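**Student:** After the structure tokens below, expect a handful of questions from me.
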Amino acid sequence: MKVPFVDIPARLSPYRERFHAVLQRVLDHGQAILGPEVGEFEQGLAKFVGCAHAVTVANGTDALILGLKALGVSGGEIITTPMSYLASTSSIALAGATPVFADVGSDLNLDVAAVEKAINQRTRAIQVVHLGGNPARMTELKNLADAHGLMLIEDCAQAFGASMGNNVGTLGDLGAVSFHPLKNLGAVGDAGAIFTNDAAVADQLRLARNHGHSSRDQCEFWSINSRLDSLQAGFLLAMLEEFPAVLAARRGQAALYREGLGGVVGFPTVNAGASPSYNFLYVLADRRDELRMSLAQAGIDTRIHYPLPIHRMNAARNIAPAALANTERYTQQILSLPMGPHITTDHIAYVVEKMRAFYV
Ligand SMILES: Cc1ncc(COP(=O)(O)O)c(C=O)c1O
């Protein structure tokens, strides 16, 4: 049996007809960028997530950079996790702030005590990542941020649809999401969005994504071009309408893996009240690299997100060292298993069987 890690054509295939209709509509009205589909998608997003404003941008990295700039946290230190995709750190530096690392806990997200230790007079914000769609300890992190007068930013790039009471992206001061094709709600290209309840921040972001233009000829501040294409917005709106079923299916697959692999490998802790979105199905495995090779021989494709923690990247050479023992340990154990619409219950049973056999 072959078990591919991901199959984007299979994920997109149910939407083909609707995508064709979107293409026809955009060809008819001709507003290729920031056309009516963009506003419609933003309204759909805000409603789905439960926030006052959703502002789309060209990708998730821009969502973080522009979001951080709009909150005015540039110039200060921002505490974040090294156990993530690098953009959660690079965005801080690119927004003109200083990234500071704190270690993760058993949920693979920022550890509250480690964050508290890293706070000093220069700290302006905490940028949390809900890794793989597993919500971080948001209540405690919010209390900590409030106690120290810090902003709390959520990198929800991997967590669209995850919730903890309310949806992630609405639990702090600002949420940023990616619609990269490998995300649960993945475009046919790049796309991203920012969630906020602050109308002034949303207004600022609408200018910031479009060169700072307040009118055709006037510019309020220098900024980048991070506008969303009408096609991507239309495609994403079509997929958003089906998203509750997509989410339910991923949660069902995660439950099957958990049931089948109990006692064989570990799983990241799911915090009280959290409903993960399972953008990635992580296990924590002893002899991970050997296991991975043995699964590959059985036709099972797995991935490591991420083999090199951010603090070990050359680009991070100037970031102050921190005690990151958990990040180091979990990086050796973490493995992402195949899931998604191309995966059947038979596939999962086969993966479980091969993993159990490996540890006998
Ligand atoms: C945690 C995290 N932050 C930020 C990003 C950046 O998103 P994008 O690739 O859309 O720029 C990603 C994308 O992989 C991510 O996983």
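Following the order of the structure tokens, chains are lettered A, B, ..., residues in each are numbered from 1, and ligands are numbered from 1.
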Skip Met83 in chain A itself and residues of its chain fewer than 4 positions away, then list as a list in words all residues within 8 Å of it, counting only C-alpha atoms.
**Tutor:**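 The filter keeps Val104, Leu108, Asn109, Tyr306, Pro309, Ile310, Thr327 and Thr331 of chain A.
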**Student:** As a list of chain:residue names, please: every protein or nucleic acid residue near ligand 1 (cut-off 7 Å, counting only C-alpha atoms and all ligand atoms).
**Tutor:**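 Residues satisfying the distance criterion: A:Asn59, A:Gly60, A:Thr61, A:Asp62, A:Ser84, A:Tyr85, A:Leu86, A:Ala87, A:Ser88, A:Val129, A:Leu131, A:Asp155, A:Cys156, A:Ala157, A:Gln158, A:Ser178, A:Phe179, A:His180, A:Asp190, A:Ala191, A:Gly192.
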**Student:** Output N, CA and C atoms for every residue in the selection just made, as a PDB file, in the first residue's frame.
**Tutor:**
```pdb
ATOM      1  N   ASN A  59      -0.006  36.637   1.771  1.00  0.00           N
ATOM      2  CA  ASN A  59       0.462  35.384   2.377  1.00  0.00           C
ATOM      3  C   ASN A  59       0.492  35.536   3.900  1.00  0.00           C
ATOM      4  N   GLY A  60       0.784  34.438   4.590  1.00  0.00           N
ATOM      5  CA  GLY A  60       0.767  34.453   6.052  1.00  0.00           C
ATOM      6  C   GLY A  60       1.907  35.252   6.653  1.00  0.00           C
ATOM      7  N   THR A  61       3.046  35.269   5.979  1.00  0.00           N
ATOM      8  CA  THR A  61       4.193  36.030   6.495  1.00  0.00           C
ATOM      9  C   THR A  61       3.869  37.527   6.492  1.00  0.00           C
ATOM     10  N   ASP A  62       3.302  38.000   5.400  1.00  0.00           N
ATOM     11  CA  ASP A  62       2.896  39.415   5.352  1.00  0.00           C
ATOM     12  C   ASP A  62       1.843  39.711   6.417  1.00  0.00           C
ATOM     13  N   SER A  84       8.800  26.068  15.375  1.00  0.00           N
ATOM     14  CA  SER A  84       7.788  26.582  14.453  1.00  0.00           C
ATOM     15  C   SER A  84       8.401  26.657  13.072  1.00  0.00           C
ATOM     16  N   TYR A  85       7.608  27.059  12.103  1.00  0.00           N
ATOM     17  CA  TYR A  85       8.181  27.451  10.816  1.00  0.00           C
ATOM     18  C   TYR A  85       8.852  28.812  11.002  1.00  0.00           C
ATOM     19  N   LEU A  86       9.946  29.036  10.311  1.00  0.00           N
ATOM     20  CA  LEU A  86      10.788  30.214  10.565  1.00  0.00           C
ATOM     21  C   LEU A  86      10.073  31.554  10.445  1.00  0.00           C
ATOM     22  N   ALA A  87       8.966  31.609   9.691  1.00  0.00           N
ATOM     23  CA  ALA A  87       8.310  32.899   9.469  1.00  0.00           C
ATOM     24  C   ALA A  87       7.744  33.497  10.757  1.00  0.00           C
ATOM     25  N   SER A  88       7.494  32.650  11.767  1.00  0.00           N
ATOM     26  CA  SER A  88       6.968  33.209  13.023  1.00  0.00           C
ATOM     27  C   SER A  88       8.046  34.021  13.740  1.00  0.00           C
ATOM     28  N   VAL A 129       2.490  30.663  18.660  1.00  0.00           N
ATOM     29  CA  VAL A 129       2.169  29.858  17.473  1.00  0.00           C
ATOM     30  C   VAL A 129       1.348  28.666  17.962  1.00  0.00           C
ATOM     31  N   LEU A 131       1.029  25.424  17.136  1.00  0.00           N
ATOM     32  CA  LEU A 131       1.762  24.538  16.232  1.00  0.00           C
ATOM     33  C   LEU A 131       0.895  23.380  15.725  1.00  0.00           C
ATOM     34  N   ASP A 155       0.001  33.591  15.914  1.00  0.00           N
ATOM     35  CA  ASP A 155       0.350  33.069  14.600  1.00  0.00           C
ATOM     36  C   ASP A 155      -0.493  31.822  14.400  1.00  0.00           C
ATOM     37  N   CYS A 156      -1.579  31.994  13.643  1.00  0.00           N
ATOM     38  CA  CYS A 156      -2.525  30.896  13.395  1.00  0.00           C
ATOM     39  C   CYS A 156      -2.295  30.292  12.025  1.00  0.00           C
ATOM     40  N   ALA A 157      -1.084  30.482  11.486  1.00  0.00           N
ATOM     41  CA  ALA A 157      -0.803  30.010  10.123  1.00  0.00           C
ATOM     42  C   ALA A 157      -1.193  28.544   9.967  1.00  0.00           C
ATOM     43  N   GLN A 158      -0.950  27.740  10.999  1.00  0.00           N
ATOM     44  CA  GLN A 158      -1.235  26.297  10.915  1.00  0.00           C
ATOM     45  C   GLN A 158      -2.510  25.925  11.662  1.00  0.00           C
ATOM     46  N   SER A 178      -2.355  31.773   7.458  1.00  0.00           N
ATOM     47  CA  SER A 178      -1.834  31.490   6.117  1.00  0.00           C
ATOM     48  C   SER A 178      -2.809  30.568   5.397  1.00  0.00           C
ATOM     49  N   PHE A 179      -2.992  30.840   4.112  1.00  0.00           N
ATOM     50  CA  PHE A 179      -3.786  29.922   3.278  1.00  0.00           C
ATOM     51  C   PHE A 179      -2.897  29.275   2.222  1.00  0.00           C
ATOM     52  N   HIS A 180      -1.640  29.039   2.586  1.00  0.00           N
ATOM     53  CA  HIS A 180      -0.709  28.302   1.728  1.00  0.00           C
ATOM     54  C   HIS A 180      -1.350  26.962   1.351  1.00  0.00           C
ATOM     55  N   ASP A 190      -0.656  31.485  -3.047  1.00  0.00           N
ATOM     56  CA  ASP A 190      -0.424  32.079  -1.729  1.00  0.00           C
ATOM     57  C   ASP A 190      -1.590  32.983  -1.315  1.00  0.00           C
ATOM     58  N   ALA A 191      -1.845  33.040  -0.020  1.00  0.00           N
ATOM     59  CA  ALA A 191      -2.843  33.958   0.519  1.00  0.00           C
ATOM     60  C   ALA A 191      -2.706  33.962   2.039  1.00  0.00           C
ATOM     61  N   GLY A 192      -3.166  35.031   2.662  1.00  0.00           N
ATOM     62  CA  GLY A 192      -3.137  35.113   4.122  1.00  0.00           C
ATOM     63  C   GLY A 192      -4.173  36.118   4.596  1.00  0.00           C
TER      64      GLY A 192
END
```
**Student:** Nearest residue to Pro36 in chain A out of A:Ala233, A:Ala52, A:Arg124, A:Pro181, using only C-alpha atoms?
**Tutor:** A:Ala233
**Student:** Which residue out of A:Gly96, A:Gly161, A:Gly133, A:Gly105 has the minimum interatomic distance to Pro82 in chain A when only C-alpha atoms are used?
**Tutor:**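 Residue with the minimum atom-to-atom distance to Pro82 in chain A: A:Gly105.
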**Student:** For a quick check of understanding, using only C-alpha atoms, which of A:Val188, A:Val112, A:Ala274, A:Val73 has the smallest distance to Thr98 in chain A?
**Tutor:** A:Val73
**Student:** Would you list the contacts of range 201-206 of chain A as a PyMOL selection string, taking every protein, DNA or RNA residue within 7 Å and counting only C-alpha atoms, but skipping same-chain residues closer than 6 positions in sequence?
**Tutor:** chain A and resi 53+55+66+70
**Student:** Go ahead and save the residues from that selection, with C-alpha atoms, as an mmCIF file, in the first residue's frame.
**Tutor:**
```
data_model
loop_
_atom_site.group_PDB
_atom_site.id
_atom_site.type_symbol
_atom_site.label_atom_id
_atom_site.label_comp_id
_atom_site.auth_asym_id
_atom_site.auth_seq_id
_atom_site.Cartn_x
_atom_site.Cartn_y
_atom_site.Cartn_z
ATOM 1 C CA HIS A 53 -12.564 42.511 10.857
ATOM 2 C CA VAL A 55 -8.160 41.784 6.257
ATOM 3 C CA LEU A 66 1.874 43.963 8.705
ATOM 4 C CA ALA A 70 -0.074 47.905 12.830
#
```
**Student:** Show me, as a list in words, the residues that have an atom within 8 Å of Arg250 in chain A when counting only C-alpha atoms, minus same-chain residues fewer than 2 positions from it.
**Tutor:**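 With the cut-off at 8 Å, the set is Val246, Leu247, Ala248, Gly252, Gln253, Ala254, Ser277, Tyr278, Met339 and Gly340 of chain A.
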**Student:** Near range 350-355 of chain A, within 10 Å and counting only C-alpha atoms, which residues show up once chain neighbours fewer than 4 positions away are dropped, as a short mmCIF file (atom, residue, chain, number, x, y, z; two decimals) with C-alpha atoms, in the first residue's frame?
**Tutor:**
```
data_model
loop_
_atom_site.label_atom_id
_atom_site.label_comp_id
_atom_site.auth_asym_id
_atom_site.auth_seq_id
_atom_site.Cartn_x
_atom_site.Cartn_y
_atom_site.Cartn_z
CA MET A 1 0.00 0.00 0.00
CA LYS A 2 1.19 3.54 -0.77
CA VAL A 3 0.28 6.27 1.72
CA LEU A 256 -8.34 7.12 14.86
CA TYR A 257 -4.57 7.65 15.03
CA ARG A 258 -4.74 8.43 18.75
CA GLU A 259 -6.81 5.35 19.44
CA GLY A 260 -4.57 3.10 17.34
CA LEU A 261 -1.24 4.42 18.58
CA GLY A 262 -1.97 4.80 22.30
CA VAL A 264 3.18 3.25 21.23
CA VAL A 265 4.11 6.89 20.65
CA ALA A 285 8.37 8.99 18.70
CA LEU A 291 10.82 4.62 12.47
CA ARG A 292 10.55 7.06 9.59
CA SER A 294 10.90 1.77 8.24
CA LEU A 295 7.59 3.48 7.37
CA ALA A 298 6.36 0.20 3.83
CA GLY A 299 5.24 2.93 1.38
CA ILE A 300 4.22 5.40 4.10
CA ASP A 301 5.34 8.99 3.55
CA LEU A 337 1.76 11.38 9.83
CA PRO A 338 -0.25 11.41 6.60
CA THR A 344 -8.86 6.47 4.18
CA THR A 345 -9.52 4.53 7.37
CA ASP A 346 -7.68 1.61 5.70
CA TYR A 359 8.02 -1.00 18.36
CA VAL A 360 7.39 -4.69 19.12
#
```
**Student:** Could you list, as a PyMOL selection string, every residue within 9 Å of Leu144 in chain A, counting only C-alpha atoms and ignoring same-chain residues fewer than 4 positions away?
**Tutor:** chain A and resi 112+115-116+139-140+148-150
**Student:** Would you put the residues from that selection into a file with C-alpha atoms, as a compact mmCIF listing (two decimals), in the first residue's frame?
**Tutor:**
```
# COMPACT_ATOMS: atom_id res chain seq x y z
CA VAL A 112 3.97 30.02 30.20
CA VAL A 115 7.70 33.21 28.71
CA GLU A 116 7.38 34.85 32.12
CA THR A 139 -5.87 31.90 29.01
CA GLU A 140 -2.63 31.89 30.97
CA HIS A 148 2.76 43.04 32.09
CA GLY A 149 0.95 45.36 29.64
CA LEU A 150 2.05 43.29 26.62
```
